[in-house]
Amino acid sequence: MSVFQGAAGLSRRGFLIGAGGLAAAAALTACGSDGKPAASSGPWEFTDDRGQKASRDQRPARVVAYVSSGAALWDYGVRPVGVFGPQKTADGGKEIQAGNIDLTAVTSIGNAWDDFSMEKFAATKPDLVITGLTGAKPTDLWVLKDDLGTKVQQVAPIVALSEYKVTLPKVIERYEQLAVALGGDANSDVIKKGKDDFRQASDDLEAAIKAKPGLKVLVVSSDKDNLYVGKPEFFADLAYYRDLGLDIVNGGGTDDYFETLSWEQAGKYPADLILTDSRTYALSRRQMAQFPTWAQLPAVKANQLADWSTEPRFNPVLAAPVIRKLTEVVQGARTDITA
């Protein structure tokens, strides 16, 4: 039985309690069974969520990662030599996805989804590349799509962990398995505290949700042309919050992740509370307020708005504060906006 399985199908109280169980389930050749770093000598392999096996003569020491994947590994002590994807904002600040990565200590291979320098990548002399799997096809990867993925694979093997139609604890579990396989420590004081905080934050969020029956939540992203309504089943964090009881509006349409609406359709789904994409890629709420159909929504007029990042944080250290913040939002929310 998975450490995540319980009477309700998903037990956060059993969340990553034993790294030994994780290692056994993963059957990783370079992973210690106690969650401690394994010896680096000898062959190394890891089977990713596409079912593809990455193999090296020794445990990879020079890892290049998509930024949110790098952030997930960082707190386990696995330090990539290079990262790609959004890391720095236009004013030089750190993007949400970067977590606790010290951006001065890693090489930036590219600072956007469409920015990847093969020259900089090759110069890092990578042993392994790590990114997220964003769909059902093996080629559905963050940044490394089509010909680029093929070129990268010729330099170093790619490990892709799924963020598609899986709940947050499962994604975190997989990143922990990979971190330990790469020499990270799942039993460090930092990670132990993170796990305790994650469990407590999850319990508190569940209690807050129960205390607000009828609360209907809408989750959106946006750009100047459209409003995008999130579909909880596709997002690891939203799927988890829904498992905890949060009533999240489910967008329609045939596309994964979001239903695309024109700004004229902004009122399609009534909601008491709206969570808006906080990444710099999306419009700020100040920018969204320029659209009259948005500004007139009851939840907007009542200022029942809060931040949400389309890219969840995939380790307990990073995820716990996000859940705590959502708990505060739910505790302070009114449930009569759509009444």
# chains A, B, ... in the order shown; residues from 1 in each chain; ligands from 1

call {"tool": "closest_atom_pairs", "arguments": {"of": "region 205-252 of chain A", "to": "region 163-180 of chain A", "cutoff": "8 Å", "atoms": "only C-alpha atoms", "output": "tab-separated table"}}
result
residue	atom	partner	partner_atom	distance
A:Glu233	CA	A:Lys165	CA	5.6
A:Phe234	CA	A:Lys165	CA	4.5
A:Phe235	CA	A:Lys165	CA	6.5
A:Ala236	CA	A:Thr167	CA	4.2
A:Asp237	CA	A:Leu168	CA	5.1
A:Leu238	CA	A:Thr167	CA	7.9
A:Ala239	CA	A:Thr167	CA	5.4
A:Tyr240	CA	A:Thr167	CA	5.2

call {"tool": "residues_around", "arguments": {"residues": "Val217 (chain A)", "least_positions_apart": "5", "cutoff": "8 Å", "atoms": "only C-alpha atoms", "output": "PyMOL selection string"}}
result
chain A and resi 246-249+271-275

call {"tool": "write_last_selection", "arguments": {"atoms": "N, CA, C and O atoms", "output": "PDB file, in the first residue's frame"}}
result
ATOM      1  N   LEU A 246     -12.446  21.525  -0.511  1.00  0.00           N
ATOM      2  CA  LEU A 246     -12.673  22.844  -1.092  1.00  0.00           C
ATOM      3  C   LEU A 246     -13.494  22.716  -2.368  1.00  0.00           C
ATOM      4  O   LEU A 246     -13.154  21.931  -3.261  1.00  0.00           O
ATOM      5  N   ASP A 247     -14.570  23.491  -2.453  1.00  0.00           N
ATOM      6  CA  ASP A 247     -15.465  23.469  -3.612  1.00  0.00           C
ATOM      7  C   ASP A 247     -14.915  24.427  -4.669  1.00  0.00           C
ATOM      8  O   ASP A 247     -15.142  25.628  -4.612  1.00  0.00           O
ATOM      9  N   ILE A 248     -14.157  23.874  -5.619  1.00  0.00           N
ATOM     10  CA  ILE A 248     -13.532  24.673  -6.661  1.00  0.00           C
ATOM     11  C   ILE A 248     -14.310  24.503  -7.955  1.00  0.00           C
ATOM     12  O   ILE A 248     -14.578  23.379  -8.396  1.00  0.00           O
ATOM     13  N   VAL A 249     -14.685  25.617  -8.561  1.00  0.00           N
ATOM     14  CA  VAL A 249     -15.382  25.590  -9.840  1.00  0.00           C
ATOM     15  C   VAL A 249     -14.525  24.853 -10.858  1.00  0.00           C
ATOM     16  O   VAL A 249     -13.317  25.086 -10.960  1.00  0.00           O
ATOM     17  N   ALA A 271     -18.847  32.897  -8.023  1.00  0.00           N
ATOM     18  CA  ALA A 271     -17.957  32.400  -6.981  1.00  0.00           C
ATOM     19  C   ALA A 271     -17.931  33.370  -5.812  1.00  0.00           C
ATOM     20  O   ALA A 271     -18.104  34.582  -5.985  1.00  0.00           O
ATOM     21  N   ASP A 272     -17.712  32.830  -4.604  1.00  0.00           N
ATOM     22  CA  ASP A 272     -17.558  33.659  -3.410  1.00  0.00           C
ATOM     23  C   ASP A 272     -16.128  34.176  -3.273  1.00  0.00           C
ATOM     24  O   ASP A 272     -15.894  35.254  -2.736  1.00  0.00           O
ATOM     25  N   LEU A 273     -15.184  33.385  -3.737  1.00  0.00           N
ATOM     26  CA  LEU A 273     -13.761  33.687  -3.588  1.00  0.00           C
ATOM     27  C   LEU A 273     -13.058  33.371  -4.904  1.00  0.00           C
ATOM     28  O   LEU A 273     -13.299  32.319  -5.498  1.00  0.00           O
ATOM     29  N   ILE A 274     -12.223  34.282  -5.359  1.00  0.00           N
ATOM     30  CA  ILE A 274     -11.484  34.059  -6.600  1.00  0.00           C
ATOM     31  C   ILE A 274      -9.981  34.102  -6.317  1.00  0.00           C
ATOM     32  O   ILE A 274      -9.479  35.055  -5.722  1.00  0.00           O
ATOM     33  N   LEU A 275      -9.294  33.056  -6.749  1.00  0.00           N
ATOM     34  CA  LEU A 275      -7.838  32.993  -6.652  1.00  0.00           C
ATOM     35  C   LEU A 275      -7.266  33.319  -8.026  1.00  0.00           C
ATOM     36  O   LEU A 275      -7.640  32.704  -9.023  1.00  0.00           O
TER      37      LEU A 275
END

call {"tool": "residues_around", "arguments": {"residues": "Thr338 (chain A)", "least_positions_apart": "2", "cutoff": "10 Å", "atoms": "only C-alpha atoms", "output": "MDAnalysis selection string"}}
result
chainID A and resid 214:216 269:273 298:299 334:336

call {"tool": "write_last_selection", "arguments": {"atoms": "N, CA, C and O atoms", "output": "PDB file, in the first residue's frame"}}
result
ATOM      1  N   GLY A 214     -20.464  25.799   1.894  1.00  0.00           N
ATOM      2  CA  GLY A 214     -21.054  26.606   0.828  1.00  0.00           C
ATOM      3  C   GLY A 214     -20.091  27.532   0.124  1.00  0.00           C
ATOM      4  O   GLY A 214     -20.448  28.167  -0.872  1.00  0.00           O
ATOM      5  N   LEU A 215     -18.853  27.626   0.606  1.00  0.00           N
ATOM      6  CA  LEU A 215     -17.868  28.501  -0.025  1.00  0.00           C
ATOM      7  C   LEU A 215     -17.509  27.961  -1.401  1.00  0.00           C
ATOM      8  O   LEU A 215     -17.041  26.843  -1.543  1.00  0.00           O
ATOM      9  N   LYS A 216     -17.733  28.784  -2.421  1.00  0.00           N
ATOM     10  CA  LYS A 216     -17.430  28.381  -3.800  1.00  0.00           C
ATOM     11  C   LYS A 216     -16.243  29.192  -4.299  1.00  0.00           C
ATOM     12  O   LYS A 216     -16.245  30.417  -4.220  1.00  0.00           O
ATOM     13  N   TYR A 269     -18.972  31.921 -14.287  1.00  0.00           N
ATOM     14  CA  TYR A 269     -19.029  31.049 -13.115  1.00  0.00           C
ATOM     15  C   TYR A 269     -19.090  31.876 -11.832  1.00  0.00           C
ATOM     16  O   TYR A 269     -18.091  32.448 -11.402  1.00  0.00           O
ATOM     17  N   PRO A 270     -20.254  31.933 -11.176  1.00  0.00           N
ATOM     18  CA  PRO A 270     -20.358  32.668  -9.905  1.00  0.00           C
ATOM     19  C   PRO A 270     -19.447  32.051  -8.844  1.00  0.00           C
ATOM     20  O   PRO A 270     -19.283  30.829  -8.780  1.00  0.00           O
ATOM     21  N   ALA A 271     -18.847  32.897  -8.023  1.00  0.00           N
ATOM     22  CA  ALA A 271     -17.957  32.400  -6.981  1.00  0.00           C
ATOM     23  C   ALA A 271     -17.931  33.370  -5.812  1.00  0.00           C
ATOM     24  O   ALA A 271     -18.104  34.582  -5.985  1.00  0.00           O
ATOM     25  N   ASP A 272     -17.712  32.830  -4.604  1.00  0.00           N
ATOM     26  CA  ASP A 272     -17.558  33.659  -3.410  1.00  0.00           C
ATOM     27  C   ASP A 272     -16.128  34.176  -3.273  1.00  0.00           C
ATOM     28  O   ASP A 272     -15.894  35.254  -2.736  1.00  0.00           O
ATOM     29  N   LEU A 273     -15.184  33.385  -3.737  1.00  0.00           N
ATOM     30  CA  LEU A 273     -13.761  33.687  -3.588  1.00  0.00           C
ATOM     31  C   LEU A 273     -13.058  33.371  -4.904  1.00  0.00           C
ATOM     32  O   LEU A 273     -13.299  32.319  -5.498  1.00  0.00           O
ATOM     33  N   PRO A 298     -19.246  40.118  -8.343  1.00  0.00           N
ATOM     34  CA  PRO A 298     -19.513  40.292  -6.911  1.00  0.00           C
ATOM     35  C   PRO A 298     -18.302  40.005  -6.025  1.00  0.00           C
ATOM     36  O   PRO A 298     -18.035  40.746  -5.069  1.00  0.00           O
ATOM     37  N   ALA A 299     -17.538  38.947  -6.312  1.00  0.00           N
ATOM     38  CA  ALA A 299     -16.368  38.622  -5.492  1.00  0.00           C
ATOM     39  C   ALA A 299     -15.286  39.685  -5.625  1.00  0.00           C
ATOM     40  O   ALA A 299     -14.591  40.001  -4.650  1.00  0.00           O
ATOM     41  N   ARG A 334     -16.052  35.254   3.056  1.00  0.00           N
ATOM     42  CA  ARG A 334     -17.515  35.225   3.176  1.00  0.00           C
ATOM     43  C   ARG A 334     -18.067  34.167   2.248  1.00  0.00           C
ATOM     44  O   ARG A 334     -17.519  33.883   1.191  1.00  0.00           O
ATOM     45  N   THR A 335     -19.187  33.572   2.642  1.00  0.00           N
ATOM     46  CA  THR A 335     -19.800  32.518   1.845  1.00  0.00           C
ATOM     47  C   THR A 335     -21.118  32.957   1.209  1.00  0.00           C
ATOM     48  O   THR A 335     -21.809  32.133   0.607  1.00  0.00           O
ATOM     49  N   ASP A 336     -21.435  34.246   1.322  1.00  0.00           N
ATOM     50  CA  ASP A 336     -22.738  34.736   0.861  1.00  0.00           C
ATOM     51  C   ASP A 336     -22.664  35.531  -0.448  1.00  0.00           C
ATOM     52  O   ASP A 336     -23.646  36.139  -0.862  1.00  0.00           O
TER      53      ASP A 336
END

call {"tool": "closest_residue", "arguments": {"among": "A:Ala208, A:Ala201, A:Val159, A:Val106", "to": "Gln331 (chain A)", "atoms": "only C-alpha atoms"}}
result
A:Ala208

call {"tool": "residues_around", "arguments": {"residues": "Ser262 (chain A)", "least_positions_apart": "4", "cutoff": "9 Å", "atoms": "only C-alpha atoms", "output": "PDB file with N, CA, C and O atoms, in the first residue's frame"}}
result
ATOM      1  N   ASP A 225      -5.982  39.216 -23.547  1.00  0.00           N
ATOM      2  CA  ASP A 225      -7.035  38.763 -24.456  1.00  0.00           C
ATOM      3  C   ASP A 225      -8.084  37.887 -23.791  1.00  0.00           C
ATOM      4  O   ASP A 225      -9.243  37.878 -24.212  1.00  0.00           O
ATOM      5  N   ASN A 226      -7.681  37.137 -22.762  1.00  0.00           N
ATOM      6  CA  ASN A 226      -8.592  36.124 -22.226  1.00  0.00           C
ATOM      7  C   ASN A 226      -8.466  35.951 -20.713  1.00  0.00           C
ATOM      8  O   ASN A 226      -7.445  36.291 -20.115  1.00  0.00           O
ATOM      9  N   LEU A 227      -9.543  35.378 -20.165  1.00  0.00           N
ATOM     10  CA  LEU A 227      -9.560  34.905 -18.788  1.00  0.00           C
ATOM     11  C   LEU A 227      -9.572  33.388 -18.853  1.00  0.00           C
ATOM     12  O   LEU A 227     -10.333  32.801 -19.630  1.00  0.00           O
ATOM     13  N   TYR A 228      -8.729  32.753 -18.051  1.00  0.00           N
ATOM     14  CA  TYR A 228      -8.596  31.298 -18.095  1.00  0.00           C
ATOM     15  C   TYR A 228      -9.061  30.697 -16.773  1.00  0.00           C
ATOM     16  O   TYR A 228      -8.511  31.012 -15.716  1.00  0.00           O
ATOM     17  N   ALA A 266     -16.496  36.916 -18.360  1.00  0.00           N
ATOM     18  CA  ALA A 266     -15.864  36.807 -17.045  1.00  0.00           C
ATOM     19  C   ALA A 266     -16.828  36.352 -15.955  1.00  0.00           C
ATOM     20  O   ALA A 266     -16.406  35.748 -14.955  1.00  0.00           O
TER      21      ALA A 266
END

call {"tool": "closest_residue", "arguments": {"among": "A:Asp91, A:Arg324, A:Leu144, A:Gly82", "to": "Ala123 (chain A)", "atoms": "only C-alpha atoms"}}
result
A:Gly82

call {"tool": "atom_distance", "arguments": {"atom1": "CA of Asp277 (chain A)", "atom2": "CA of Gly110 (chain A)"}}
result
22.0 Å

call {"tool": "closest_residue", "arguments": {"among": "A:Gly70, A:Pro86, A:Gly184, A:Pro126", "to": "Phe314 (chain A)", "atoms": "only C-alpha atoms"}}
result
A:Gly70

call {"tool": "atom_distance", "arguments": {"atom1": "CA of Val64 (chain A)", "atom2": "CA of Ile130 (chain A)"}}
result
6.4 Å

call {"tool": "select_by_dssp", "arguments": {"residues": "region 3-227 of chain A", "states": "helix (DSSP H, G or I)", "output": "MDAnalysis selection string"}}
result
chainID A and resid 12:14 19:26 67:74 96:98 103:105 118:123 146:155 168:181 189:210

call {"tool": "write_last_selection", "arguments": {"atoms": "C-alpha atoms", "output": "PDB file, in the first residue's frame"}}
result
ATOM      1  CA  ARG A  12      -1.737  13.350   4.441  1.00  0.00           C
ATOM      2  CA  ARG A  13      -1.165  12.104   8.008  1.00  0.00           C
ATOM      3  CA  GLY A  14       0.898   9.329   6.471  1.00  0.00           C
ATOM      4  CA  ALA A  19      11.479   7.423   3.408  1.00  0.00           C
ATOM      5  CA  GLY A  20      12.279   3.710   3.627  1.00  0.00           C
ATOM      6  CA  GLY A  21       8.853   2.896   2.215  1.00  0.00           C
ATOM      7  CA  LEU A  22       9.399   5.389  -0.544  1.00  0.00           C
ATOM      8  CA  ALA A  23      12.723   3.928  -1.531  1.00  0.00           C
ATOM      9  CA  ALA A  24      11.347   0.404  -1.569  1.00  0.00           C
ATOM     10  CA  ALA A  25       8.385   1.443  -3.681  1.00  0.00           C
ATOM     11  CA  ALA A  26      10.586   3.271  -6.121  1.00  0.00           C
ATOM     12  CA  VAL A  67      13.373  25.875 -12.253  1.00  0.00           C
ATOM     13  CA  SER A  68      10.453  24.483 -10.233  1.00  0.00           C
ATOM     14  CA  SER A  69      11.990  20.999 -10.390  1.00  0.00           C
ATOM     15  CA  GLY A  70      15.288  22.454  -9.192  1.00  0.00           C
ATOM     16  CA  ALA A  71      13.473  24.204  -6.349  1.00  0.00           C
ATOM     17  CA  ALA A  72      11.808  20.940  -5.321  1.00  0.00           C
ATOM     18  CA  LEU A  73      15.204  19.245  -5.053  1.00  0.00           C
ATOM     19  CA  TRP A  74      17.100  22.155  -3.509  1.00  0.00           C
ATOM     20  CA  ILE A  96       7.865  32.239  -7.396  1.00  0.00           C
ATOM     21  CA  GLN A  97       8.943  29.057  -9.134  1.00  0.00           C
ATOM     22  CA  ALA A  98      12.557  29.430  -7.963  1.00  0.00           C
ATOM     23  CA  LEU A 103      20.280  31.970  -8.268  1.00  0.00           C
ATOM     24  CA  THR A 104      23.807  33.357  -7.888  1.00  0.00           C
ATOM     25  CA  ALA A 105      25.097  29.804  -7.477  1.00  0.00           C
ATOM     26  CA  MET A 118      22.034  24.984 -25.974  1.00  0.00           C
ATOM     27  CA  GLU A 119      25.453  26.618 -25.739  1.00  0.00           C
ATOM     28  CA  LYS A 120      25.051  27.458 -22.042  1.00  0.00           C
ATOM     29  CA  PHE A 121      23.480  24.065 -21.422  1.00  0.00           C
ATOM     30  CA  ALA A 122      26.361  22.146 -23.004  1.00  0.00           C
ATOM     31  CA  ALA A 123      28.890  24.283 -21.121  1.00  0.00           C
ATOM     32  CA  ASP A 146       9.822  18.919 -29.916  1.00  0.00           C
ATOM     33  CA  ASP A 147      13.286  19.326 -31.481  1.00  0.00           C
ATOM     34  CA  LEU A 148      14.724  20.971 -28.375  1.00  0.00           C
ATOM     35  CA  GLY A 149      13.961  17.920 -26.268  1.00  0.00           C
ATOM     36  CA  THR A 150      15.647  15.710 -28.850  1.00  0.00           C
ATOM     37  CA  LYS A 151      18.778  17.892 -28.869  1.00  0.00           C
ATOM     38  CA  VAL A 152      18.945  17.973 -25.067  1.00  0.00           C
ATOM     39  CA  GLN A 153      18.522  14.199 -24.843  1.00  0.00           C
ATOM     40  CA  GLN A 154      21.590  13.788 -27.064  1.00  0.00           C
ATOM     41  CA  VAL A 155      23.676  15.614 -24.430  1.00  0.00           C
ATOM     42  CA  LEU A 168       0.264  17.390  -4.628  1.00  0.00           C
ATOM     43  CA  PRO A 169       1.450  14.748  -2.107  1.00  0.00           C
ATOM     44  CA  LYS A 170       2.149  12.284  -4.911  1.00  0.00           C
ATOM     45  CA  VAL A 171       4.257  14.786  -6.871  1.00  0.00           C
ATOM     46  CA  ILE A 172       6.166  15.678  -3.706  1.00  0.00           C
ATOM     47  CA  GLU A 173       6.713  11.978  -3.021  1.00  0.00           C
ATOM     48  CA  ARG A 174       8.221  11.462  -6.468  1.00  0.00           C
ATOM     49  CA  TYR A 175      10.546  14.444  -6.126  1.00  0.00           C
ATOM     50  CA  GLU A 176      11.686  13.080  -2.788  1.00  0.00           C
ATOM     51  CA  GLN A 177      12.453   9.723  -4.377  1.00  0.00           C
ATOM     52  CA  LEU A 178      14.485  11.460  -7.067  1.00  0.00           C
ATOM     53  CA  ALA A 179      16.228  13.712  -4.540  1.00  0.00           C
ATOM     54  CA  VAL A 180      17.353  10.744  -2.449  1.00  0.00           C
ATOM     55  CA  ALA A 181      18.497   8.897  -5.570  1.00  0.00           C
ATOM     56  CA  ASP A 189      15.966  18.634  10.100  1.00  0.00           C
ATOM     57  CA  VAL A 190      14.760  20.991   7.364  1.00  0.00           C
ATOM     58  CA  ILE A 191      12.776  18.291   5.569  1.00  0.00           C
ATOM     59  CA  LYS A 192      11.430  16.741   8.781  1.00  0.00           C
ATOM     60  CA  LYS A 193      10.104  20.106   9.888  1.00  0.00           C
ATOM     61  CA  GLY A 194       8.705  20.689   6.407  1.00  0.00           C
ATOM     62  CA  LYS A 195       6.771  17.436   6.584  1.00  0.00           C
ATOM     63  CA  ASP A 196       5.399  18.246  10.022  1.00  0.00           C
ATOM     64  CA  ASP A 197       4.396  21.700   8.810  1.00  0.00           C
ATOM     65  CA  PHE A 198       2.769  20.236   5.693  1.00  0.00           C
ATOM     66  CA  ARG A 199       0.659  17.801   7.705  1.00  0.00           C
ATOM     67  CA  GLN A 200      -0.397  20.469  10.182  1.00  0.00           C
ATOM     68  CA  ALA A 201      -1.171  22.988   7.442  1.00  0.00           C
ATOM     69  CA  SER A 202      -3.276  20.404   5.608  1.00  0.00           C
ATOM     70  CA  ASP A 203      -5.235  19.565   8.761  1.00  0.00           C
ATOM     71  CA  ASP A 204      -5.808  23.260   9.418  1.00  0.00           C
ATOM     72  CA  LEU A 205      -6.985  23.868   5.852  1.00  0.00           C
ATOM     73  CA  GLU A 206      -9.409  20.959   6.028  1.00  0.00           C
ATOM     74  CA  ALA A 207     -10.827  22.332   9.281  1.00  0.00           C
ATOM     75  CA  ALA A 208     -11.149  25.827   7.787  1.00  0.00           C
ATOM     76  CA  ILE A 209     -13.012  24.431   4.771  1.00  0.00           C
ATOM     77  CA  LYS A 210     -15.435  22.510   7.008  1.00  0.00           C
TER      78      LYS A 210
END

call {"tool": "select_by_dssp", "arguments": {"residues": "region 120-282 of chain A", "states": "strand (DSSP E or B)", "output": "number ranges by chain"}}
result
A: 128-133, 141, 158-162, 216-222, 226-230, 247-248, 258-262, 273-277

call {"tool": "write_last_selection", "arguments": {"atoms": "C-alpha atoms", "output": "PDB file, in the first residue's frame"}}
result
ATOM      1  CA  LEU A 128      21.211  14.602 -16.085  1.00  0.00           C
ATOM      2  CA  VAL A 129      18.304  16.894 -16.993  1.00  0.00           C
ATOM      3  CA  ILE A 130      15.135  17.113 -14.884  1.00  0.00           C
ATOM      4  CA  THR A 131      11.828  18.662 -15.838  1.00  0.00           C
ATOM      5  CA  GLY A 132       8.089  18.317 -15.274  1.00  0.00           C
ATOM      6  CA  LEU A 133       5.734  16.155 -17.325  1.00  0.00           C
ATOM      7  CA  LEU A 141       7.598  18.526 -21.003  1.00  0.00           C
ATOM      8  CA  ILE A 158      16.051  13.531 -19.261  1.00  0.00           C
ATOM      9  CA  VAL A 159      14.049  12.573 -16.178  1.00  0.00           C
ATOM     10  CA  ALA A 160      10.462  13.853 -16.227  1.00  0.00           C
ATOM     11  CA  LEU A 161       8.161  13.688 -13.185  1.00  0.00           C
ATOM     12  CA  SER A 162       4.451  14.058 -13.756  1.00  0.00           C
ATOM     13  CA  LYS A 216     -17.430  28.381  -3.800  1.00  0.00           C
ATOM     14  CA  VAL A 217     -13.968  29.106  -5.179  1.00  0.00           C
ATOM     15  CA  LEU A 218     -12.945  30.121  -8.709  1.00  0.00           C
ATOM     16  CA  VAL A 219      -9.297  29.846  -9.801  1.00  0.00           C
ATOM     17  CA  VAL A 220      -8.143  31.870 -12.802  1.00  0.00           C
ATOM     18  CA  SER A 221      -5.200  33.025 -14.851  1.00  0.00           C
ATOM     19  CA  SER A 222      -5.339  35.791 -17.432  1.00  0.00           C
ATOM     20  CA  ASN A 226      -8.592  36.124 -22.226  1.00  0.00           C
ATOM     21  CA  LEU A 227      -9.560  34.905 -18.788  1.00  0.00           C
ATOM     22  CA  TYR A 228      -8.596  31.298 -18.095  1.00  0.00           C
ATOM     23  CA  VAL A 229     -10.645  29.219 -15.648  1.00  0.00           C
ATOM     24  CA  GLY A 230      -8.646  26.465 -13.977  1.00  0.00           C
ATOM     25  CA  ASP A 247     -15.465  23.469  -3.612  1.00  0.00           C
ATOM     26  CA  ILE A 248     -13.532  24.673  -6.661  1.00  0.00           C
ATOM     27  CA  PHE A 258      -7.961  25.799 -18.362  1.00  0.00           C
ATOM     28  CA  GLU A 259     -11.183  26.818 -20.046  1.00  0.00           C
ATOM     29  CA  THR A 260     -10.551  29.911 -22.168  1.00  0.00           C
ATOM     30  CA  LEU A 261     -13.102  32.703 -21.798  1.00  0.00           C
ATOM     31  CA  SER A 262     -13.252  36.113 -23.404  1.00  0.00           C
ATOM     32  CA  LEU A 273     -13.761  33.687  -3.588  1.00  0.00           C
ATOM     33  CA  ILE A 274     -11.484  34.059  -6.600  1.00  0.00           C
ATOM     34  CA  LEU A 275      -7.838  32.993  -6.652  1.00  0.00           C
ATOM     35  CA  THR A 276      -5.781  34.714  -9.365  1.00  0.00           C
ATOM     36  CA  ASP A 277      -2.502  33.611 -10.925  1.00  0.00           C
TER      37      ASP A 277
END

call {"tool": "decode", "arguments": {"residues": "region 244-265 of chain A", "atoms": "C-alpha atoms", "output": "PDB file, in the first residue's frame"}}
result
ATOM      1  CA  LEU A 244      -9.619  18.300   1.450  1.00  0.00           C
ATOM      2  CA  GLY A 245     -13.139  19.514   0.692  1.00  0.00           C
ATOM      3  CA  LEU A 246     -12.673  22.844  -1.092  1.00  0.00           C
ATOM      4  CA  ASP A 247     -15.465  23.469  -3.612  1.00  0.00           C
ATOM      5  CA  ILE A 248     -13.532  24.673  -6.661  1.00  0.00           C
ATOM      6  CA  VAL A 249     -15.382  25.590  -9.840  1.00  0.00           C
ATOM      7  CA  ASN A 250     -14.447  23.226 -12.651  1.00  0.00           C
ATOM      8  CA  GLY A 251     -13.973  24.942 -16.004  1.00  0.00           C
ATOM      9  CA  GLY A 252     -15.434  23.368 -19.132  1.00  0.00           C
ATOM     10  CA  GLY A 253     -14.253  23.013 -22.697  1.00  0.00           C
ATOM     11  CA  THR A 254     -11.988  20.380 -24.222  1.00  0.00           C
ATOM     12  CA  ASP A 255      -8.552  21.772 -23.356  1.00  0.00           C
ATOM     13  CA  ASP A 256      -6.499  20.544 -20.414  1.00  0.00           C
ATOM     14  CA  TYR A 257      -5.809  22.784 -17.414  1.00  0.00           C
ATOM     15  CA  PHE A 258      -7.961  25.799 -18.362  1.00  0.00           C
ATOM     16  CA  GLU A 259     -11.183  26.818 -20.046  1.00  0.00           C
ATOM     17  CA  THR A 260     -10.551  29.911 -22.168  1.00  0.00           C
ATOM     18  CA  LEU A 261     -13.102  32.703 -21.798  1.00  0.00           C
ATOM     19  CA  SER A 262     -13.252  36.113 -23.404  1.00  0.00           C
ATOM     20  CA  TRP A 263     -13.273  38.985 -20.930  1.00  0.00           C
ATOM     21  CA  GLU A 264     -16.940  39.499 -21.839  1.00  0.00           C
ATOM     22  CA  GLN A 265     -17.583  36.044 -20.346  1.00  0.00           C
TER      23      GLN A 265
END
